[in-house]
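Colleague: First the structure, then my questions, so here it is.
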There are 2 protein chains.
Amino acid sequence: MSAKVITITREFGSGGRTIGKEVAQKLGYDFYDWNIVSEVAKESGFAQEFVEENGEDASSTNSFIFRFNNSGSDLMDKLYIAQRKVIKEIADKGNCVIVGRCADYILRERKDALHCFIWADKKFKEERVVNVYGETNESIEKRLVNKDKKRIAHYEYYTGRKWGRPWYYQICLDSSSLGIDTCVDTIVELAGKIDN
Amino acid sequence: MSAKVITITREFGSGGRTIGKEVAQKLGYDFYDWNIVSEVAKESGFAQEFVEENGEDASSTNSFIFRFNNSGSDLMDKLYIAQRKVIKEIADKGNCVIVGRCADYILRERKDALHCFIWADKKFKEERVVNVYGETNESIEKRLVNKDKKRIAHYEYYTGRKWGRPWYYQICLDSSSLGIDTCVDTIVELAGKIDN
């Protein structure tokens, strides 16, 4: 038996996206990350840029509304519902790795899924973000904090879960001390052992 | 390179102790769990029964004092200090697996350590506790809740950490969906890859 669906929930800069991509390559699975955007745009009628900007991370305004008013706008809710539909359809097709976008929560009841959480220490994330995404005017420290804050606000609002609790994942890994390759190998190995 | 020290922090009933024991056997490492008690008793002068009862889980009274008064009694603090010394000495000798007793926190700065957190779903823990420890007058549900409550109160008071956060562990595993053997194999595999 093996996991038909693998979800990767990750901290910004932890290399979770790269890990997901390599896991997909090794298993011959489809890989879904930004490429979900166009499908969600088609499904919802929203512009691609709108989905890109709001599909995973809350904007500063929404971040505030999610956290302190505990409410989402109609537009945000519609986007979430469209995205959830697309993610469920992708999972139904099977043999896929899905990064982020609350997929761990949306697919929580699937017995054939392996849910993974990837985190890393600050130094690792800072170096990685500069190497992968380049320098910007904003300090690297601020970029990390801001991005995670927006991602967590979106995640917690739409899932009702607290971010980064082991109880939602069969496996959590520290990519900074284990390294990207070891994380990939471990997930591939475990995917082959999921009883479903 | 490989991990010289492995710590296992676990929920009651998750099989974490068994996993630690089997990891130690496979690696040819020393295994420390209840057998720490006699060393701590020697070190501290406390009776063995006292160490057994208070070395890892708070009593009902202490649980209350830890959580709501945020203070420990002199006796508890002395016991913790003696236990910390014993755990550090065991780690210095190397090639060991240590279960519970805040070892993840006490040894947090060792670069040669692999820190693991094991959890399981309620059904798995309930079945396991009855199979391993037998029936008692107390309902199984109450036993699980009470035991974890006391363990968490002790852990959080002495470490200043929140229980069960992935950021303290290179790996967290769900023994209920992965199975004991897979958890053992995964930890043994990772232990061989720790860069120190």
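To be explicit about the labels: the chains of the structure tokens are called A, B, and onward in the order shown, and within each one the residues are counted from 1, while ligands get numbers from 1 in the order they are shown.
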Could you give me the residues within range 2-46 of chain A that DSSP places in strand (DSSP E or B), as a PDB file with all heavy atoms, in the first residue's frame?
Modeller:
ATOM      1  N   VAL A   5      -1.929  10.451  -1.897  1.00  0.00           N
ATOM      2  CA  VAL A   5      -1.907  11.912  -1.810  1.00  0.00           C
ATOM      3  C   VAL A   5      -0.918  12.312  -0.710  1.00  0.00           C
ATOM      4  O   VAL A   5      -0.959  11.755   0.382  1.00  0.00           O
ATOM      5  CB  VAL A   5      -3.303  12.458  -1.431  1.00  0.00           C
ATOM      6  CG1 VAL A   5      -3.278  13.973  -1.326  1.00  0.00           C
ATOM      7  CG2 VAL A   5      -4.362  11.996  -2.427  1.00  0.00           C
ATOM      8  N   ILE A   6      -0.048  13.241  -1.015  1.00  0.00           N
ATOM      9  CA  ILE A   6       0.877  13.751   0.004  1.00  0.00           C
ATOM     10  C   ILE A   6       0.663  15.249   0.114  1.00  0.00           C
ATOM     11  O   ILE A   6       0.669  15.955  -0.904  1.00  0.00           O
ATOM     12  CB  ILE A   6       2.337  13.440  -0.387  1.00  0.00           C
ATOM     13  CG1 ILE A   6       2.541  11.915  -0.417  1.00  0.00           C
ATOM     14  CG2 ILE A   6       3.318  14.087   0.593  1.00  0.00           C
ATOM     15  CD1 ILE A   6       3.841  11.471  -1.050  1.00  0.00           C
ATOM     16  N   THR A   7       0.427  15.738   1.322  1.00  0.00           N
ATOM     17  CA  THR A   7       0.323  17.194   1.491  1.00  0.00           C
ATOM     18  C   THR A   7       1.542  17.677   2.277  1.00  0.00           C
ATOM     19  O   THR A   7       2.025  16.988   3.178  1.00  0.00           O
ATOM     20  CB  THR A   7      -0.957  17.626   2.234  1.00  0.00           C
ATOM     21  OG1 THR A   7      -0.865  17.248   3.618  1.00  0.00           O
ATOM     22  CG2 THR A   7      -2.205  17.001   1.623  1.00  0.00           C
ATOM     23  N   ILE A   8       2.007  18.845   1.887  1.00  0.00           N
ATOM     24  CA  ILE A   8       3.156  19.462   2.563  1.00  0.00           C
ATOM     25  C   ILE A   8       2.720  20.823   3.086  1.00  0.00           C
ATOM     26  O   ILE A   8       2.388  21.712   2.291  1.00  0.00           O
ATOM     27  CB  ILE A   8       4.341  19.671   1.588  1.00  0.00           C
ATOM     28  CG1 ILE A   8       4.691  18.382   0.816  1.00  0.00           C
ATOM     29  CG2 ILE A   8       5.532  20.293   2.317  1.00  0.00           C
ATOM     30  CD1 ILE A   8       5.709  17.496   1.437  1.00  0.00           C
ATOM     31  N   THR A   9       2.708  20.971   4.381  1.00  0.00           N
ATOM     32  CA  THR A   9       2.449  22.277   4.991  1.00  0.00           C
ATOM     33  C   THR A   9       3.809  22.763   5.483  1.00  0.00           C
ATOM     34  O   THR A   9       4.571  21.982   6.043  1.00  0.00           O
ATOM     35  CB  THR A   9       1.461  22.117   6.162  1.00  0.00           C
ATOM     36  OG1 THR A   9       0.300  21.434   5.663  1.00  0.00           O
ATOM     37  CG2 THR A   9       1.060  23.462   6.749  1.00  0.00           C
ATOM     38  N   ARG A  10       4.133  24.034   5.209  1.00  0.00           N
ATOM     39  CA  ARG A  10       5.532  24.423   5.510  1.00  0.00           C
ATOM     40  C   ARG A  10       5.664  25.874   5.916  1.00  0.00           C
ATOM     41  O   ARG A  10       4.883  26.724   5.526  1.00  0.00           O
ATOM     42  CB  ARG A  10       6.431  24.125   4.334  1.00  0.00           C
ATOM     43  CG  ARG A  10       6.431  25.140   3.201  1.00  0.00           C
ATOM     44  CD  ARG A  10       5.084  25.212   2.484  1.00  0.00           C
ATOM     45  NE  ARG A  10       5.114  26.117   1.356  1.00  0.00           N
ATOM     46  CZ  ARG A  10       4.078  26.815   0.932  1.00  0.00           C
ATOM     47  NH1 ARG A  10       2.901  26.764   1.542  1.00  0.00           N
ATOM     48  NH2 ARG A  10       4.183  27.600  -0.107  1.00  0.00           N
ATOM     49  N   ASP A  30       2.111  13.780  -9.646  1.00  0.00           N
ATOM     50  CA  ASP A  30       1.910  15.170 -10.074  1.00  0.00           C
ATOM     51  C   ASP A  30       2.211  16.100  -8.906  1.00  0.00           C
ATOM     52  O   ASP A  30       1.915  15.775  -7.752  1.00  0.00           O
ATOM     53  CB  ASP A  30       0.451  15.374 -10.526  1.00  0.00           C
ATOM     54  CG  ASP A  30       0.152  14.590 -11.795  1.00  0.00           C
ATOM     55  OD1 ASP A  30       1.053  14.466 -12.646  1.00  0.00           O
ATOM     56  OD2 ASP A  30      -0.975  14.073 -11.914  1.00  0.00           O
ATOM     57  N   PHE A  31       2.757  17.254  -9.232  1.00  0.00           N
ATOM     58  CA  PHE A  31       3.126  18.215  -8.193  1.00  0.00           C
ATOM     59  C   PHE A  31       2.256  19.460  -8.319  1.00  0.00           C
ATOM     60  O   PHE A  31       2.171  20.071  -9.389  1.00  0.00           O
ATOM     61  CB  PHE A  31       4.610  18.589  -8.343  1.00  0.00           C
ATOM     62  CG  PHE A  31       5.053  19.635  -7.370  1.00  0.00           C
ATOM     63  CD1 PHE A  31       5.087  19.367  -6.006  1.00  0.00           C
ATOM     64  CD2 PHE A  31       5.438  20.901  -7.805  1.00  0.00           C
ATOM     65  CE1 PHE A  31       5.482  20.331  -5.096  1.00  0.00           C
ATOM     66  CE2 PHE A  31       5.837  21.880  -6.891  1.00  0.00           C
ATOM     67  CZ  PHE A  31       5.861  21.585  -5.543  1.00  0.00           C
ATOM     68  N   TYR A  32       1.607  19.838  -7.222  1.00  0.00           N
ATOM     69  CA  TYR A  32       0.733  21.005  -7.261  1.00  0.00           C
ATOM     70  C   TYR A  32       1.158  22.064  -6.263  1.00  0.00           C
ATOM     71  O   TYR A  32       1.227  21.806  -5.059  1.00  0.00           O
ATOM     72  CB  TYR A  32      -0.719  20.616  -6.959  1.00  0.00           C
ATOM     73  CG  TYR A  32      -1.325  19.769  -8.049  1.00  0.00           C
ATOM     74  CD1 TYR A  32      -1.311  18.387  -7.967  1.00  0.00           C
ATOM     75  CD2 TYR A  32      -1.894  20.368  -9.169  1.00  0.00           C
ATOM     76  CE1 TYR A  32      -1.856  17.608  -8.981  1.00  0.00           C
ATOM     77  CE2 TYR A  32      -2.443  19.597 -10.186  1.00  0.00           C
ATOM     78  CZ  TYR A  32      -2.417  18.221 -10.082  1.00  0.00           C
ATOM     79  OH  TYR A  32      -2.951  17.471 -11.075  1.00  0.00           O
TER      80      TYR A  32
END
Colleague: So that I can see what lies close to Ser63 in chain A, please list as a ChimeraX atom specification the residues with an atom at most 8 Å from it, counting only C-alpha atoms and leaving out residues fewer than 2 positions away in the same chain.
Modeller: /A:58-61,65-67,149-150,153-154
Colleague: Could you please select, counting only C-alpha atoms, the residues of chain B within 12 Å of chain A and state them as a ChimeraX atom specification?
Modeller: /B:1-3,10-11,111-122,162-196
Colleague: Name all residues at most 10 Å from Glu141 in chain B (count only C-alpha atoms; drop same-chain ones fewer than 3 positions away) and give them as a PyMOL selection string.
Modeller: chain B and resi 122-123+125-126+138+144-146
Colleague: Emit the selected residues as a PDB file, in the first residue's frame, including all heavy atoms.
Modeller:
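Contents of result_20.pdb, as written:
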ATOM      1  N   LYS B 122      -6.521   8.844  19.720  1.00  0.00           N
ATOM      2  CA  LYS B 122      -7.141   8.401  20.967  1.00  0.00           C
ATOM      3  C   LYS B 122      -7.407   6.890  20.973  1.00  0.00           C
ATOM      4  O   LYS B 122      -7.107   6.197  21.956  1.00  0.00           O
ATOM      5  CB  LYS B 122      -8.459   9.178  21.129  1.00  0.00           C
ATOM      6  CG  LYS B 122      -8.916   9.349  22.540  1.00  0.00           C
ATOM      7  CD  LYS B 122     -10.019  10.397  22.599  1.00  0.00           C
ATOM      8  CE  LYS B 122     -11.036  10.050  23.645  1.00  0.00           C
ATOM      9  NZ  LYS B 122     -12.332   9.600  23.164  1.00  0.00           N
ATOM     10  N   LYS B 123      -7.962   6.392  19.885  1.00  0.00           N
ATOM     11  CA  LYS B 123      -8.329   4.970  19.804  1.00  0.00           C
ATOM     12  C   LYS B 123      -7.092   4.088  19.998  1.00  0.00           C
ATOM     13  O   LYS B 123      -7.112   3.116  20.752  1.00  0.00           O
ATOM     14  CB  LYS B 123      -8.988   4.715  18.437  1.00  0.00           C
ATOM     15  CG  LYS B 123      -9.670   3.376  18.311  1.00  0.00           C
ATOM     16  CD  LYS B 123     -10.515   3.326  17.043  1.00  0.00           C
ATOM     17  CE  LYS B 123     -10.733   1.883  16.610  1.00  0.00           C
ATOM     18  NZ  LYS B 123      -9.612   1.315  15.846  1.00  0.00           N
ATOM     19  N   LYS B 125      -4.281   4.848  21.471  1.00  0.00           N
ATOM     20  CA  LYS B 125      -3.755   4.965  22.835  1.00  0.00           C
ATOM     21  C   LYS B 125      -4.617   4.198  23.828  1.00  0.00           C
ATOM     22  O   LYS B 125      -4.103   3.542  24.727  1.00  0.00           O
ATOM     23  CB  LYS B 125      -3.664   6.446  23.228  1.00  0.00           C
ATOM     24  CG  LYS B 125      -2.607   7.201  22.435  1.00  0.00           C
ATOM     25  CD  LYS B 125      -2.308   8.570  23.002  1.00  0.00           C
ATOM     26  CE  LYS B 125      -3.447   9.535  22.756  1.00  0.00           C
ATOM     27  NZ  LYS B 125      -3.080  10.929  23.106  1.00  0.00           N
ATOM     28  N   GLU B 126      -5.925   4.278  23.646  1.00  0.00           N
ATOM     29  CA  GLU B 126      -6.820   3.573  24.565  1.00  0.00           C
ATOM     30  C   GLU B 126      -6.576   2.061  24.498  1.00  0.00           C
ATOM     31  O   GLU B 126      -6.447   1.394  25.525  1.00  0.00           O
ATOM     32  CB  GLU B 126      -8.280   3.894  24.233  1.00  0.00           C
ATOM     33  CG  GLU B 126      -8.663   5.313  24.638  1.00  0.00           C
ATOM     34  CD  GLU B 126     -10.102   5.678  24.296  1.00  0.00           C
ATOM     35  OE1 GLU B 126     -10.789   4.902  23.616  1.00  0.00           O
ATOM     36  OE2 GLU B 126     -10.530   6.758  24.721  1.00  0.00           O
ATOM     37  N   GLU B 138     -10.444   3.015  37.052  1.00  0.00           N
ATOM     38  CA  GLU B 138     -10.655   4.289  36.389  1.00  0.00           C
ATOM     39  C   GLU B 138     -10.969   4.042  34.905  1.00  0.00           C
ATOM     40  O   GLU B 138     -10.405   3.118  34.312  1.00  0.00           O
ATOM     41  CB  GLU B 138      -9.364   5.109  36.508  1.00  0.00           C
ATOM     42  CG  GLU B 138      -9.560   6.612  36.446  1.00  0.00           C
ATOM     43  CD  GLU B 138      -8.224   7.343  36.633  1.00  0.00           C
ATOM     44  OE1 GLU B 138      -7.157   6.698  36.534  1.00  0.00           O
ATOM     45  OE2 GLU B 138      -8.254   8.542  36.873  1.00  0.00           O
ATOM     46  N   LEU B 144      -6.114   8.283  30.401  1.00  0.00           N
ATOM     47  CA  LEU B 144      -5.293   8.970  29.389  1.00  0.00           C
ATOM     48  C   LEU B 144      -5.197  10.468  29.686  1.00  0.00           C
ATOM     49  O   LEU B 144      -4.115  11.042  29.687  1.00  0.00           O
ATOM     50  CB  LEU B 144      -5.912   8.805  27.994  1.00  0.00           C
ATOM     51  CG  LEU B 144      -5.692   7.494  27.243  1.00  0.00           C
ATOM     52  CD1 LEU B 144      -6.352   7.567  25.883  1.00  0.00           C
ATOM     53  CD2 LEU B 144      -4.203   7.201  27.072  1.00  0.00           C
ATOM     54  N   VAL B 145      -6.345  11.069  29.939  1.00  0.00           N
ATOM     55  CA  VAL B 145      -6.379  12.519  30.166  1.00  0.00           C
ATOM     56  C   VAL B 145      -5.577  12.877  31.405  1.00  0.00           C
ATOM     57  O   VAL B 145      -4.742  13.788  31.396  1.00  0.00           O
ATOM     58  CB  VAL B 145      -7.840  13.012  30.297  1.00  0.00           C
ATOM     59  CG1 VAL B 145      -7.883  14.458  30.775  1.00  0.00           C
ATOM     60  CG2 VAL B 145      -8.560  12.876  28.965  1.00  0.00           C
ATOM     61  N   ASN B 146      -5.791  12.134  32.492  1.00  0.00           N
ATOM     62  CA  ASN B 146      -5.112  12.451  33.744  1.00  0.00           C
ATOM     63  C   ASN B 146      -3.599  12.315  33.634  1.00  0.00           C
ATOM     64  O   ASN B 146      -2.851  13.155  34.118  1.00  0.00           O
ATOM     65  CB  ASN B 146      -5.608  11.531  34.870  1.00  0.00           C
ATOM     66  CG  ASN B 146      -6.962  12.008  35.371  1.00  0.00           C
ATOM     67  OD1 ASN B 146      -7.386  13.113  35.054  1.00  0.00           O
ATOM     68  ND2 ASN B 146      -7.639  11.162  36.144  1.00  0.00           N
TER      69      ASN B 146
END
Colleague: If you measure from CA of Lys85 in chain A to CA of Tyr133 in chain A, what distance in Å do you get, rounded to one decimal?
Modeller: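 Result for CA of Lys85 in chain A versus CA of Tyr133 in chain A: 29.8 Å, one decimal.
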Colleague: Could you write out, as an MDAnalysis selection string, all the residues of chain B that DSSP marks as helix (DSSP H, G or I)?
Modeller: chainID B and resid 16:27 36:44 48:54 60:69 74:93 103:106 122:133 140:159 166:168 175:178 180:191
Colleague: Just give me the gap between CA of Ala24 in chain B and CA of Cys96 in chain B in Å, one decimal is fine.
Modeller: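 Spanning CA of Ala24 in chain B to CA of Cys96 in chain B is a straight-line distance of 6.9 Å.
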Colleague: One decimal, in Å: what's the spacing between CA of Val129 in chain A and CA of Gly13 in chain A?
Modeller: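 Interatomic distance here is 5.3 Å.
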